[in-house]
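The structure file start09.cif is reproduced below (mmCIF, C-alpha atoms and all ligand atoms).
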data_query
#
loop_
_atom_site.label_atom_id
_atom_site.label_comp_id
_atom_site.auth_asym_id
_atom_site.auth_seq_id
_atom_site.Cartn_x
_atom_site.Cartn_y
_atom_site.Cartn_z
CA MET J 13 -77.25 20.87 -47.00
CA ARG J 14 -79.14 18.76 -44.46
CA GLU J 15 -78.60 19.01 -40.71
CA THR J 16 -80.48 17.20 -38.02
CA LEU J 17 -80.64 19.19 -34.80
CA GLU J 18 -82.15 17.74 -31.61
CA THR J 19 -85.71 18.83 -32.47
CA THR J 20 -85.60 20.24 -36.01
CA VAL J 21 -84.38 19.10 -39.40
CA VAL J 22 -82.84 21.84 -41.55
CA GLU J 23 -82.39 21.54 -45.32
CA PHE J 24 -81.22 23.85 -48.08
CA THR J 25 -81.51 23.34 -51.85
CA PRO J 26 -78.94 25.56 -53.62
CA GLU J 27 -80.60 25.11 -57.05
CA THR J 28 -83.81 26.82 -55.90
CA GLY J 29 -82.53 28.87 -52.93
CA ILE J 30 -85.26 27.36 -50.74
CA GLY J 31 -84.61 26.44 -47.11
CA HIS J 32 -86.74 24.00 -45.18
CA ILE J 33 -87.18 23.55 -41.45
CA THR J 34 -89.17 20.64 -40.02
CA LEU J 35 -90.34 20.83 -36.40
CA ASN J 36 -89.48 17.36 -35.24
CA ARG J 37 -91.11 16.30 -31.97
CA PRO J 38 -93.93 14.21 -33.43
CA ASP J 39 -94.56 12.30 -30.16
CA ALA J 40 -95.64 15.60 -28.57
CA LEU J 41 -97.37 16.88 -31.74
CA ASN J 42 -94.32 19.15 -32.23
CA ALA J 43 -95.14 21.14 -29.09
CA LEU J 44 -92.79 24.08 -28.53
CA SER J 45 -90.27 23.00 -25.93
CA ASP J 46 -87.42 25.36 -25.07
CA GLN J 47 -85.18 23.10 -27.15
CA LEU J 48 -87.49 23.33 -30.16
CA ARG J 49 -87.66 27.13 -29.95
CA ALA J 50 -83.84 27.28 -29.80
CA ASP J 51 -83.47 24.76 -32.68
CA LEU J 52 -85.89 26.75 -34.81
CA ILE J 53 -83.76 29.87 -34.36
CA GLU J 54 -80.58 27.85 -34.92
CA GLY J 55 -82.11 26.38 -38.10
CA LEU J 56 -82.80 29.86 -39.48
CA ARG J 57 -79.26 30.93 -38.61
CA LEU J 58 -77.83 27.88 -40.37
CA LEU J 59 -79.91 28.66 -43.46
CA GLU J 60 -78.79 32.30 -43.41
CA SER J 61 -75.16 31.15 -43.26
CA GLU J 62 -75.66 29.76 -46.78
CA ASN J 63 -75.27 33.38 -47.93
CA GLU J 64 -71.69 33.52 -46.66
CA ASP J 65 -69.02 33.67 -49.36
CA GLN J 66 -71.71 33.98 -52.05
CA ASP J 67 -71.79 36.57 -54.79
CA GLY J 68 -75.24 37.88 -53.79
CA ILE J 69 -78.01 36.18 -51.80
CA ALA J 70 -78.33 32.38 -51.88
CA LEU J 71 -81.23 31.90 -49.43
CA ARG J 72 -84.44 33.17 -51.07
CA ALA J 73 -87.37 31.62 -49.13
CA VAL J 74 -87.94 29.32 -46.15
CA ILE J 75 -90.71 26.76 -45.60
CA VAL J 76 -91.49 25.68 -42.01
CA GLU J 77 -93.59 22.60 -41.38
CA GLY J 78 -94.21 19.97 -38.71
CA ALA J 79 -93.20 16.30 -38.79
CA ASP J 80 -95.78 13.51 -39.11
CA GLY J 81 -98.94 15.32 -40.07
CA ASN J 82 -99.19 18.07 -37.43
CA PHE J 83 -97.81 21.58 -37.48
CA CYS J 84 -97.57 22.26 -33.73
CA ALA J 85 -99.86 21.79 -30.69
CA GLY J 86 -98.60 24.93 -28.96
CA ALA J 87 -96.27 25.56 -26.05
CA ASP J 88 -95.06 22.41 -24.33
CA ILE J 89 -97.38 22.21 -21.35
CA THR J 90 -95.02 19.90 -19.45
CA GLU J 91 -92.40 22.70 -19.37
CA PHE J 92 -94.84 25.31 -18.15
CA SER J 93 -93.82 27.30 -15.14
CA GLU J 94 -94.86 30.77 -14.10
CA SER J 95 -91.30 31.98 -13.94
CA ASN J 96 -89.94 30.68 -17.19
CA PRO J 97 -92.31 30.03 -20.10
CA GLY J 98 -89.85 29.54 -22.93
CA ALA J 99 -87.41 32.17 -21.74
CA SER J 100 -84.27 30.11 -22.22
CA SER J 101 -83.82 30.85 -25.93
CA GLU J 102 -81.94 34.12 -25.89
CA ARG J 103 -84.33 35.70 -28.36
CA HIS J 104 -87.94 34.68 -29.04
CA HIS J 105 -88.38 32.70 -32.23
CA TYR J 106 -91.49 34.75 -33.13
CA GLU J 107 -89.46 37.97 -33.42
CA PHE J 108 -86.67 36.07 -35.14
CA ILE J 109 -89.06 34.87 -37.87
CA MET J 110 -90.73 38.28 -38.27
CA GLU J 111 -87.37 40.04 -38.53
CA PHE J 112 -85.75 37.33 -40.66
CA PRO J 113 -84.87 39.06 -43.95
CA VAL J 114 -86.17 36.22 -46.12
CA PRO J 115 -89.90 35.34 -46.49
CA VAL J 116 -91.00 32.43 -44.29
CA ILE J 117 -93.94 30.24 -45.32
CA ALA J 118 -95.73 28.03 -42.78
CA LYS J 119 -96.95 24.79 -44.37
CA ILE J 120 -99.66 23.49 -42.09
CA ARG J 121 -101.20 20.05 -41.64
CA GLY J 122 -103.12 18.76 -38.62
CA TYR J 123 -103.09 20.73 -35.39
CA CYS J 124 -101.91 24.33 -35.37
CA LEU J 125 -102.74 25.53 -31.87
CA GLY J 126 -101.67 28.16 -29.33
CA GLY J 127 -97.97 28.97 -29.76
CA GLY J 128 -98.05 26.85 -32.93
CA LEU J 129 -100.64 29.18 -34.45
CA GLU J 130 -98.69 32.19 -33.15
CA THR J 131 -95.56 30.78 -34.82
CA ALA J 132 -97.49 30.36 -38.09
CA MET J 133 -98.83 33.93 -37.80
CA ALA J 134 -95.29 35.26 -37.24
CA CYS J 135 -94.49 33.77 -40.67
CA ASP J 136 -95.20 35.80 -43.79
CA PHE J 137 -97.62 33.25 -45.31
CA ARG J 138 -99.70 30.28 -44.16
CA PHE J 139 -100.51 27.50 -46.63
CA ALA J 140 -102.80 24.87 -45.09
CA ASP J 141 -104.21 21.45 -45.77
CA GLU J 142 -108.02 21.39 -45.74
CA ASP J 143 -107.91 19.07 -42.70
CA ALA J 144 -105.74 21.45 -40.64
CA ARG J 145 -107.23 22.70 -37.37
CA PHE J 146 -106.50 26.10 -35.82
CA GLY J 147 -107.16 27.44 -32.35
CA LEU J 148 -106.01 29.31 -29.26
CA PRO J 149 -106.77 26.88 -26.40
CA GLU J 150 -104.91 28.84 -23.67
CA VAL J 151 -108.18 30.01 -22.07
CA ASP J 152 -108.83 26.45 -20.87
CA LEU J 153 -105.50 26.52 -19.03
CA GLY J 154 -106.49 29.73 -17.30
CA ILE J 155 -104.01 31.85 -19.27
CA VAL J 156 -104.00 33.88 -22.50
CA PRO J 157 -102.03 33.45 -25.75
CA GLY J 158 -98.71 34.94 -24.65
CA ALA J 159 -97.05 35.62 -28.01
CA GLY J 160 -99.66 37.90 -29.54
CA GLY J 161 -102.29 35.42 -30.81
CA VAL J 162 -105.13 37.89 -30.21
CA GLN J 163 -103.10 40.75 -31.70
CA PHE J 164 -102.17 38.76 -34.82
CA ILE J 165 -105.76 37.61 -35.52
CA SER J 166 -107.11 41.12 -34.83
CA ARG J 167 -104.87 42.38 -37.65
CA LEU J 168 -105.22 39.46 -40.08
CA ALA J 169 -108.99 39.13 -39.52
CA ASN J 170 -110.71 41.40 -37.01
CA PRO J 171 -110.81 41.87 -33.21
CA ALA J 172 -114.17 40.07 -32.82
CA ALA J 173 -112.82 36.96 -34.57
CA ALA J 174 -109.70 37.11 -32.40
CA LYS J 175 -111.73 37.38 -29.21
CA GLU J 176 -114.10 34.61 -30.31
CA ILE J 177 -111.26 32.19 -31.12
CA ALA J 178 -109.35 33.02 -27.92
CA MET J 179 -112.40 33.13 -25.61
CA THR J 180 -113.98 29.86 -26.78
CA GLY J 181 -110.70 27.99 -27.29
CA GLU J 182 -112.52 26.07 -30.03
CA HIS J 183 -110.78 24.75 -33.12
CA ILE J 184 -111.67 26.26 -36.49
CA SER J 185 -111.28 24.68 -39.94
CA ALA J 186 -108.74 25.68 -42.58
CA ASP J 187 -111.54 27.04 -44.77
CA ARG J 188 -112.85 29.29 -42.00
CA ALA J 189 -109.29 30.41 -41.17
CA ARG J 190 -108.78 31.29 -44.84
CA ASP J 191 -112.11 33.12 -45.09
CA LEU J 192 -111.08 35.18 -42.06
CA GLY J 193 -107.69 35.99 -43.62
CA ILE J 194 -105.65 34.02 -41.07
CA VAL J 195 -104.63 31.41 -43.66
CA THR J 196 -103.26 32.52 -47.04
CA ARG J 197 -104.30 29.52 -49.15
CA VAL J 198 -105.92 26.09 -48.79
CA PRO J 199 -104.74 24.45 -52.04
CA ASP J 200 -105.73 21.01 -53.39
CA ASN J 201 -102.12 19.87 -53.36
CA LEU J 202 -100.39 21.47 -50.37
CA ASP J 203 -96.84 20.27 -51.11
CA GLU J 204 -96.94 21.31 -54.74
CA ALA J 205 -98.65 24.67 -54.13
CA THR J 206 -96.26 25.62 -51.32
CA ARG J 207 -93.22 24.65 -53.37
CA ASP J 208 -94.47 26.51 -56.46
CA PHE J 209 -95.15 29.63 -54.40
CA ALA J 210 -91.72 29.45 -52.70
CA GLU J 211 -90.05 29.00 -56.10
CA THR J 212 -91.89 31.98 -57.54
CA ILE J 213 -90.68 34.22 -54.73
CA ALA J 214 -87.20 32.69 -54.90
CA SER J 215 -86.88 33.58 -58.59
CA LYS J 216 -87.52 37.31 -57.98
CA PRO J 217 -84.85 39.92 -57.13
CA PRO J 218 -84.04 39.05 -53.49
CA LEU J 219 -83.47 42.66 -52.38
CA SER J 220 -86.94 43.63 -53.67
CA ILE J 221 -88.48 40.66 -51.83
CA GLN J 222 -86.70 41.65 -48.60
CA ALA J 223 -87.83 45.25 -48.96
CA ILE J 224 -91.45 44.14 -49.53
CA LYS J 225 -91.32 42.01 -46.35
CA GLU J 226 -89.96 45.01 -44.46
CA SER J 227 -92.68 47.26 -45.90
CA GLY J 228 -95.45 44.79 -45.03
CA ASN J 229 -94.17 44.59 -41.45
CA ILE J 230 -94.00 48.39 -41.19
CA ALA J 231 -97.59 48.64 -42.52
CA THR J 232 -98.91 46.96 -39.37
CA GLN J 233 -97.00 49.33 -37.10
CA THR J 234 -97.34 52.84 -38.56
CA GLY J 235 -99.80 55.24 -40.16
CA LEU J 236 -100.13 55.54 -43.95
CA ARG J 237 -98.07 58.74 -44.28
CA GLU J 238 -95.10 57.35 -42.35
CA GLY J 239 -95.40 53.97 -44.10
CA ARG J 240 -95.37 55.56 -47.55
CA GLN J 241 -92.30 57.63 -46.64
CA TYR J 242 -90.61 54.41 -45.53
CA ASP J 243 -91.49 52.76 -48.88
CA ARG J 244 -90.07 55.73 -50.77
CA ARG J 245 -86.71 55.21 -49.06
CA LEU J 246 -86.81 51.47 -49.92
CA PHE J 247 -87.64 52.36 -53.54
CA GLU J 248 -84.76 54.82 -53.82
CA ARG J 249 -82.34 52.31 -52.32
CA LEU J 250 -83.39 49.61 -54.81
CA LEU J 251 -82.96 51.96 -57.79
CA GLU J 252 -79.21 51.74 -57.10
CA THR J 253 -78.99 47.93 -57.29
CA ALA J 254 -77.54 45.71 -60.02
CA ASP J 255 -80.73 43.61 -59.95
CA HIS J 256 -82.80 46.67 -60.90
CA GLU J 257 -80.48 47.22 -63.85
CA GLU J 258 -80.82 43.54 -64.75
CA GLY J 259 -84.65 43.64 -64.59
CA ALA J 260 -84.80 46.81 -66.69
CA LYS J 261 -82.44 45.27 -69.26
CA ALA J 262 -84.60 42.11 -69.49
CA PHE J 263 -87.69 44.27 -70.01
CA ALA J 264 -86.04 46.22 -72.80
CA GLU J 265 -84.55 43.18 -74.56
CA ASP J 266 -87.28 40.69 -75.44
CA ASP J 267 -85.19 37.53 -75.52
CA TYR J 268 -83.22 38.06 -72.36
CA GLU J 269 -83.89 35.96 -69.24
CA PRO J 270 -82.84 38.02 -66.17
CA GLU J 271 -80.64 36.52 -63.49
CA PHE J 272 -81.20 38.12 -60.10
CA ARG J 273 -78.38 37.78 -57.59
CA GLY J 274 -79.39 40.01 -54.69
CA ARG J 275 -76.96 42.90 -55.31
N1 LIG J 301 -97.51 20.13 -24.79
C1 LIG J 301 -96.96 18.96 -24.46
N2 LIG J 301 -97.39 17.77 -24.93
C2 LIG J 301 -98.42 17.79 -25.79
C3 LIG J 301 -99.05 18.99 -26.18
C4 LIG J 301 -98.55 20.20 -25.64
N3 LIG J 301 -99.06 21.40 -25.99
N4 LIG J 301 -100.06 18.69 -27.02
C5 LIG J 301 -100.06 17.35 -27.16
N5 LIG J 301 -99.08 16.80 -26.42
C6 LIG J 301 -98.75 15.37 -26.28
C7 LIG J 301 -99.79 14.64 -25.46
O1 LIG J 301 -99.52 14.79 -24.07
C8 LIG J 301 -99.59 13.23 -25.95
O2 LIG J 301 -98.46 12.67 -25.32
P1 LIG J 301 -98.48 11.14 -24.78
O3 LIG J 301 -98.68 10.32 -26.01
O4 LIG J 301 -97.13 10.98 -24.17
O5 LIG J 301 -99.61 11.05 -23.84
C9 LIG J 301 -99.27 13.40 -27.42
O6 LIG J 301 -98.82 14.76 -27.55
C10 LIG J 301 -100.48 13.23 -28.32
O7 LIG J 301 -101.51 14.09 -27.85
P2 LIG J 301 -102.99 13.56 -27.52
O8 LIG J 301 -103.63 14.56 -26.60
O9 LIG J 301 -102.95 12.14 -27.06
O10 LIG J 301 -103.63 13.62 -28.98
P3 LIG J 301 -105.16 13.85 -29.34
O11 LIG J 301 -105.23 13.62 -30.81
O12 LIG J 301 -106.06 13.09 -28.44
O13 LIG J 301 -105.42 15.42 -29.03
C11 LIG J 301 -104.91 17.77 -29.08
C12 LIG J 301 -104.72 16.40 -29.75
C13 LIG J 301 -104.02 18.76 -29.84
C14 LIG J 301 -106.38 18.21 -29.19
C15 LIG J 301 -104.49 17.69 -27.61
O14 LIG J 301 -103.24 17.04 -27.52
C16 LIG J 301 -104.38 19.02 -26.92
O15 LIG J 301 -105.39 19.64 -26.60
N6 LIG J 301 -103.14 19.51 -26.68
C17 LIG J 301 -102.89 20.71 -25.94
C18 LIG J 301 -103.07 21.91 -26.84
C19 LIG J 301 -102.85 23.19 -26.05
O16 LIG J 301 -103.53 23.46 -25.08
N7 LIG J 301 -101.90 24.00 -26.52
C20 LIG J 301 -101.63 25.30 -25.97
C21 LIG J 301 -100.69 25.24 -24.86
S1 LIG J 301 -100.50 26.85 -24.14
#
Take the structure from the file and write it as structure tokens.
Amino acid sequence: MRETLETTVVEFTPETGIGHITLNRPDALNALSDQLRADLIEGLRLLESENEDQDGIALRAVIVEGADGNFCAGADITEFSESNPGASSERHHYEFIMEFPVPVIAKIRGYCLGGGLETAMACDFRFADEDARFGLPEVDLGIVPGAGGVQFISRLANPAAAKEIAMTGEHISADRARDLGIVTRVPDNLDEATRDFAETIASKPPLSIQAIKESGNIATQTGLREGRQYDRRLFERLLETADHEEGAKAFAEDDYEPEFRGR
């Protein structure tokens, strides 16, 4: 499947179960216009619709990247108005990505700034080229990162790093972002490493992967006791699945390659 929306390109490869969304406003360094936010959500919905009429779960992982060598230079400044910063998409794309049942990997080249960095941090993983540049430049516009940039970095790294990046507005390198924990990996070959990682996740039992995403999200919102109780419920639910039976069978029988369907 390949669909070209006004500001994104959406692709799905049934053989691997991997979906791909390209932010496609290269003339504006893929800045987040209202249209782009809406097309990003629409792209995820289109990918999710690949599960319809399937015996199990077809969509296993999603990679989001920017066209022409930049991830995203933040909110579209030309659309800025006090009353309506990106409010036209009925639901914010940040929440949509975080709550999307399938893992989302941001593949980052070039600029990843402001709302672009917040979009990447709403994803489950960030794979970056060594030349990528990260920052929260909102301070120089007399505002603050409005989609949780300081909150995200405080959790991924620490509050001092978040305040430093947001207060100075300066760009930081991919290596520094990785050392802080903001970026997951800075591989030698970004395309290959991102694809390999997506394929690894895509080959696992999809219901386990979804439950792990859910658990990781809960971990940032609750205490340990409540989080562990939540995990116990996920564990008990997964014990009932056909994929658990399949995995256990493959473990018991040496020569048997398991086939996980998401049921
Ligand atoms: N919103 C709208 N347009 C943007 C944009 C944004 N956030 N960021 C870049 N663009 C546009 C520029 O206006 C320019 O358009 P033009 O060719 O029609 O003049 C084009 O993208 C290329 O940007 P340019 O500034 O010429 O590239 P550069 O390599 O000199 O600088 C940046 C790159 C990212 C450092 C610079 O564009 C920048 O600081 N952008 C704003 C980042 C920002 O503040 N984001 C947070 C917004 S809350």
Padding 5 Å on each side, edges along x, y and z: where is the centre of the box around the listed atoms of ligand LIG 301 (chain J), and how long are its edges in Å to one decimal? Output it as lines of an AutoDock Vina configuration file.
center_x = -101.7
center_y = 18.6
center_z = -27.3
size_x = 19.4
size_y = 26.5
size_z = 17.0
Please report as a Markdown table every residue of chain J lying within 7 Å of ligand LIG 301 (chain J), along with the nearest atom pair and their distance in Å (one decimal), using all atoms listed in the file.
| residue | atom | partner | partner_atom | distance |
| --- | --- | --- | --- | --- |
| J:Asp39 | CA | J:LIG301 | C9 | 5.6 |
| J:Ala40 | CA | J:LIG301 | O6 | 3.4 |
| J:Leu41 | CA | J:LIG301 | O6 | 4.9 |
| J:Ala43 | CA | J:LIG301 | C4 | 4.9 |
| J:Ala85 | CA | J:LIG301 | N3 | 4.8 |
| J:Gly86 | CA | J:LIG301 | N7 | 4.2 |
| J:Ala87 | CA | J:LIG301 | C21 | 4.6 |
| J:Asp88 | CA | J:LIG301 | N1 | 3.4 |
| J:Ile89 | CA | J:LIG301 | N1 | 4.0 |
| J:Thr90 | CA | J:LIG301 | C1 | 5.5 |
| J:Tyr123 | CA | J:LIG301 | C13 | 6.0 |
| J:Leu125 | CA | J:LIG301 | N7 | 5.6 |
| J:Gly126 | CA | J:LIG301 | C20 | 4.4 |
| J:Gly127 | CA | J:LIG301 | C20 | 6.4 |
| J:Leu148 | CA | J:LIG301 | C20 | 6.8 |
| J:Pro149 | CA | J:LIG301 | O16 | 4.9 |
| J:Glu150 | CA | J:LIG301 | S1 | 4.9 |
| J:Pro157 | CA | J:LIG301 | S1 | 7.0 |
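Within 12 Å of region 260-268 of chain J there are Pro217, Leu251, Thr253, Ala254 and Asp255 of chain J, counting only C-alpha atoms and ignoring same-chain residues fewer than 5 positions away.
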Could you name the residues that touch Gly181 (chain J) at 12 Å or less, counting all atoms listed in the file, but leaving out those on the same chain fewer than 3 positions away, as an mmCIF file with C-alpha atoms, in the coordinates of the input?
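The result, stored in out.cif:
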data_model
loop_
_atom_site.group_PDB
_atom_site.id
_atom_site.type_symbol
_atom_site.label_atom_id
_atom_site.label_comp_id
_atom_site.auth_asym_id
_atom_site.auth_seq_id
_atom_site.Cartn_x
_atom_site.Cartn_y
_atom_site.Cartn_z
ATOM 1 C CA LEU J 125 -102.740 25.530 -31.870
ATOM 2 C CA GLY J 126 -101.670 28.160 -29.330
ATOM 3 C CA ARG J 145 -107.230 22.700 -37.370
ATOM 4 C CA PHE J 146 -106.500 26.100 -35.820
ATOM 5 C CA GLY J 147 -107.160 27.440 -32.350
ATOM 6 C CA LEU J 148 -106.010 29.310 -29.260
ATOM 7 C CA PRO J 149 -106.770 26.880 -26.400
ATOM 8 C CA GLU J 150 -104.910 28.840 -23.670
ATOM 9 C CA VAL J 151 -108.180 30.010 -22.070
ATOM 10 C CA ASP J 152 -108.830 26.450 -20.870
ATOM 11 C CA LEU J 153 -105.500 26.520 -19.030
ATOM 12 C CA GLY J 154 -106.490 29.730 -17.300
ATOM 13 C CA ILE J 155 -104.010 31.850 -19.270
ATOM 14 C CA VAL J 156 -104.000 33.880 -22.500
ATOM 15 C CA PRO J 157 -102.030 33.450 -25.750
ATOM 16 C CA GLY J 161 -102.290 35.420 -30.810
ATOM 17 C CA VAL J 162 -105.130 37.890 -30.210
ATOM 18 C CA ALA J 173 -112.820 36.960 -34.570
ATOM 19 C CA ALA J 174 -109.700 37.110 -32.400
ATOM 20 C CA LYS J 175 -111.730 37.380 -29.210
ATOM 21 C CA GLU J 176 -114.100 34.610 -30.310
ATOM 22 C CA ILE J 177 -111.260 32.190 -31.120
ATOM 23 C CA ALA J 178 -109.350 33.020 -27.920
ATOM 24 C CA ILE J 184 -111.670 26.260 -36.490
#
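Distance check against Gly31 (chain J) using only C-alpha atoms: of J:Met179, J:Leu48, J:Arg57, J:Arg72, the minimum falls on J:Arg72.
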Generate all heavy atoms for region 202-211 of chain J and emit them as a PDB file, keeping the file's coordinate frame.
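See selection.pdb below for the written result:
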ATOM      1  N   LEU J 202    -101.126  20.552 -51.255  1.00  0.00           N
ATOM      2  CA  LEU J 202    -100.390  21.470 -50.370  1.00  0.00           C
ATOM      3  C   LEU J 202     -98.894  21.505 -50.686  1.00  0.00           C
ATOM      4  O   LEU J 202     -98.299  22.588 -50.764  1.00  0.00           O
ATOM      5  CB  LEU J 202    -100.619  21.064 -48.911  1.00  0.00           C
ATOM      6  CG  LEU J 202     -99.929  21.940 -47.863  1.00  0.00           C
ATOM      7  CD1 LEU J 202    -100.438  23.372 -47.895  1.00  0.00           C
ATOM      8  CD2 LEU J 202    -100.116  21.348 -46.461  1.00  0.00           C
ATOM      9  N   ASP J 203     -98.290  20.314 -50.870  1.00  0.00           N
ATOM     10  CA  ASP J 203     -96.840  20.270 -51.110  1.00  0.00           C
ATOM     11  C   ASP J 203     -96.475  21.033 -52.381  1.00  0.00           C
ATOM     12  O   ASP J 203     -95.567  21.867 -52.389  1.00  0.00           O
ATOM     13  CB  ASP J 203     -96.355  18.820 -51.241  1.00  0.00           C
ATOM     14  CG  ASP J 203     -96.410  18.094 -49.904  1.00  0.00           C
ATOM     15  OD1 ASP J 203     -96.245  18.759 -48.863  1.00  0.00           O
ATOM     16  OD2 ASP J 203     -96.651  16.880 -49.899  1.00  0.00           O
ATOM     17  N   GLU J 204     -97.229  20.705 -53.444  1.00  0.00           N
ATOM     18  CA  GLU J 204     -96.940  21.310 -54.740  1.00  0.00           C
ATOM     19  C   GLU J 204     -97.174  22.830 -54.709  1.00  0.00           C
ATOM     20  O   GLU J 204     -96.337  23.611 -55.179  1.00  0.00           O
ATOM     21  CB  GLU J 204     -97.868  20.670 -55.780  1.00  0.00           C
ATOM     22  CG  GLU J 204     -97.380  20.746 -57.194  1.00  0.00           C
ATOM     23  CD  GLU J 204     -98.353  19.985 -58.100  1.00  0.00           C
ATOM     24  OE1 GLU J 204     -98.350  18.738 -58.059  1.00  0.00           O
ATOM     25  OE2 GLU J 204     -99.126  20.663 -58.808  1.00  0.00           O
ATOM     26  N   ALA J 205     -98.304  23.241 -54.136  1.00  0.00           N
ATOM     27  CA  ALA J 205     -98.650  24.670 -54.130  1.00  0.00           C
ATOM     28  C   ALA J 205     -97.637  25.473 -53.303  1.00  0.00           C
ATOM     29  O   ALA J 205     -97.245  26.577 -53.688  1.00  0.00           O
ATOM     30  CB  ALA J 205    -100.055  24.868 -53.576  1.00  0.00           C
ATOM     31  N   THR J 206     -97.221  24.907 -52.165  1.00  0.00           N
ATOM     32  CA  THR J 206     -96.260  25.620 -51.320  1.00  0.00           C
ATOM     33  C   THR J 206     -94.910  25.736 -52.032  1.00  0.00           C
ATOM     34  O   THR J 206     -94.290  26.798 -52.036  1.00  0.00           O
ATOM     35  CB  THR J 206     -96.079  24.913 -49.956  1.00  0.00           C
ATOM     36  OG1 THR J 206     -97.362  24.608 -49.428  1.00  0.00           O
ATOM     37  CG2 THR J 206     -95.321  25.781 -48.968  1.00  0.00           C
ATOM     38  N   ARG J 207     -94.510  24.625 -52.658  1.00  0.00           N
ATOM     39  CA  ARG J 207     -93.220  24.650 -53.370  1.00  0.00           C
ATOM     40  C   ARG J 207     -93.263  25.640 -54.533  1.00  0.00           C
ATOM     41  O   ARG J 207     -92.345  26.444 -54.709  1.00  0.00           O
ATOM     42  CB  ARG J 207     -92.899  23.226 -53.868  1.00  0.00           C
ATOM     43  CG  ARG J 207     -91.463  23.076 -54.367  1.00  0.00           C
ATOM     44  CD  ARG J 207     -91.217  21.719 -54.971  1.00  0.00           C
ATOM     45  NE  ARG J 207     -92.182  21.410 -56.011  1.00  0.00           N
ATOM     46  CZ  ARG J 207     -92.954  20.318 -56.021  1.00  0.00           C
ATOM     47  NH1 ARG J 207     -92.870  19.439 -55.060  1.00  0.00           N
ATOM     48  NH2 ARG J 207     -93.810  20.120 -57.015  1.00  0.00           N
ATOM     49  N   ASP J 208     -94.356  25.592 -55.314  1.00  0.00           N
ATOM     50  CA  ASP J 208     -94.470  26.510 -56.460  1.00  0.00           C
ATOM     51  C   ASP J 208     -94.407  27.970 -56.000  1.00  0.00           C
ATOM     52  O   ASP J 208     -93.751  28.806 -56.612  1.00  0.00           O
ATOM     53  CB  ASP J 208     -95.808  26.297 -57.195  1.00  0.00           C
ATOM     54  CG  ASP J 208     -95.785  25.021 -58.012  1.00  0.00           C
ATOM     55  OD1 ASP J 208     -94.719  24.392 -58.102  1.00  0.00           O
ATOM     56  OD2 ASP J 208     -96.855  24.645 -58.539  1.00  0.00           O
ATOM     57  N   PHE J 209     -95.128  28.254 -54.915  1.00  0.00           N
ATOM     58  CA  PHE J 209     -95.150  29.630 -54.400  1.00  0.00           C
ATOM     59  C   PHE J 209     -93.749  30.048 -53.938  1.00  0.00           C
ATOM     60  O   PHE J 209     -93.274  31.140 -54.269  1.00  0.00           O
ATOM     61  CB  PHE J 209     -96.156  29.731 -53.250  1.00  0.00           C
ATOM     62  CG  PHE J 209     -96.281  31.108 -52.677  1.00  0.00           C
ATOM     63  CD1 PHE J 209     -96.919  32.113 -53.388  1.00  0.00           C
ATOM     64  CD2 PHE J 209     -95.761  31.418 -51.425  1.00  0.00           C
ATOM     65  CE1 PHE J 209     -97.039  33.403 -52.863  1.00  0.00           C
ATOM     66  CE2 PHE J 209     -95.875  32.690 -50.888  1.00  0.00           C
ATOM     67  CZ  PHE J 209     -96.512  33.682 -51.612  1.00  0.00           C
ATOM     68  N   ALA J 210     -93.083  29.148 -53.190  1.00  0.00           N
ATOM     69  CA  ALA J 210     -91.720  29.450 -52.700  1.00  0.00           C
ATOM     70  C   ALA J 210     -90.785  29.672 -53.892  1.00  0.00           C
ATOM     71  O   ALA J 210     -89.947  30.586 -53.884  1.00  0.00           O
ATOM     72  CB  ALA J 210     -91.215  28.326 -51.809  1.00  0.00           C
ATOM     73  N   GLU J 211     -90.942  28.859 -54.933  1.00  0.00           N
ATOM     74  CA  GLU J 211     -90.050  29.000 -56.100  1.00  0.00           C
ATOM     75  C   GLU J 211     -90.314  30.307 -56.844  1.00  0.00           C
ATOM     76  O   GLU J 211     -89.371  30.928 -57.352  1.00  0.00           O
ATOM     77  CB  GLU J 211     -90.228  27.795 -57.038  1.00  0.00           C
ATOM     78  CG  GLU J 211     -89.522  26.562 -56.495  1.00  0.00           C
ATOM     79  CD  GLU J 211     -89.666  25.317 -57.372  1.00  0.00           C
ATOM     80  OE1 GLU J 211     -90.220  25.410 -58.490  1.00  0.00           O
ATOM     81  OE2 GLU J 211     -89.220  24.257 -56.909  1.00  0.00           O
TER      82      GLU J 211
END
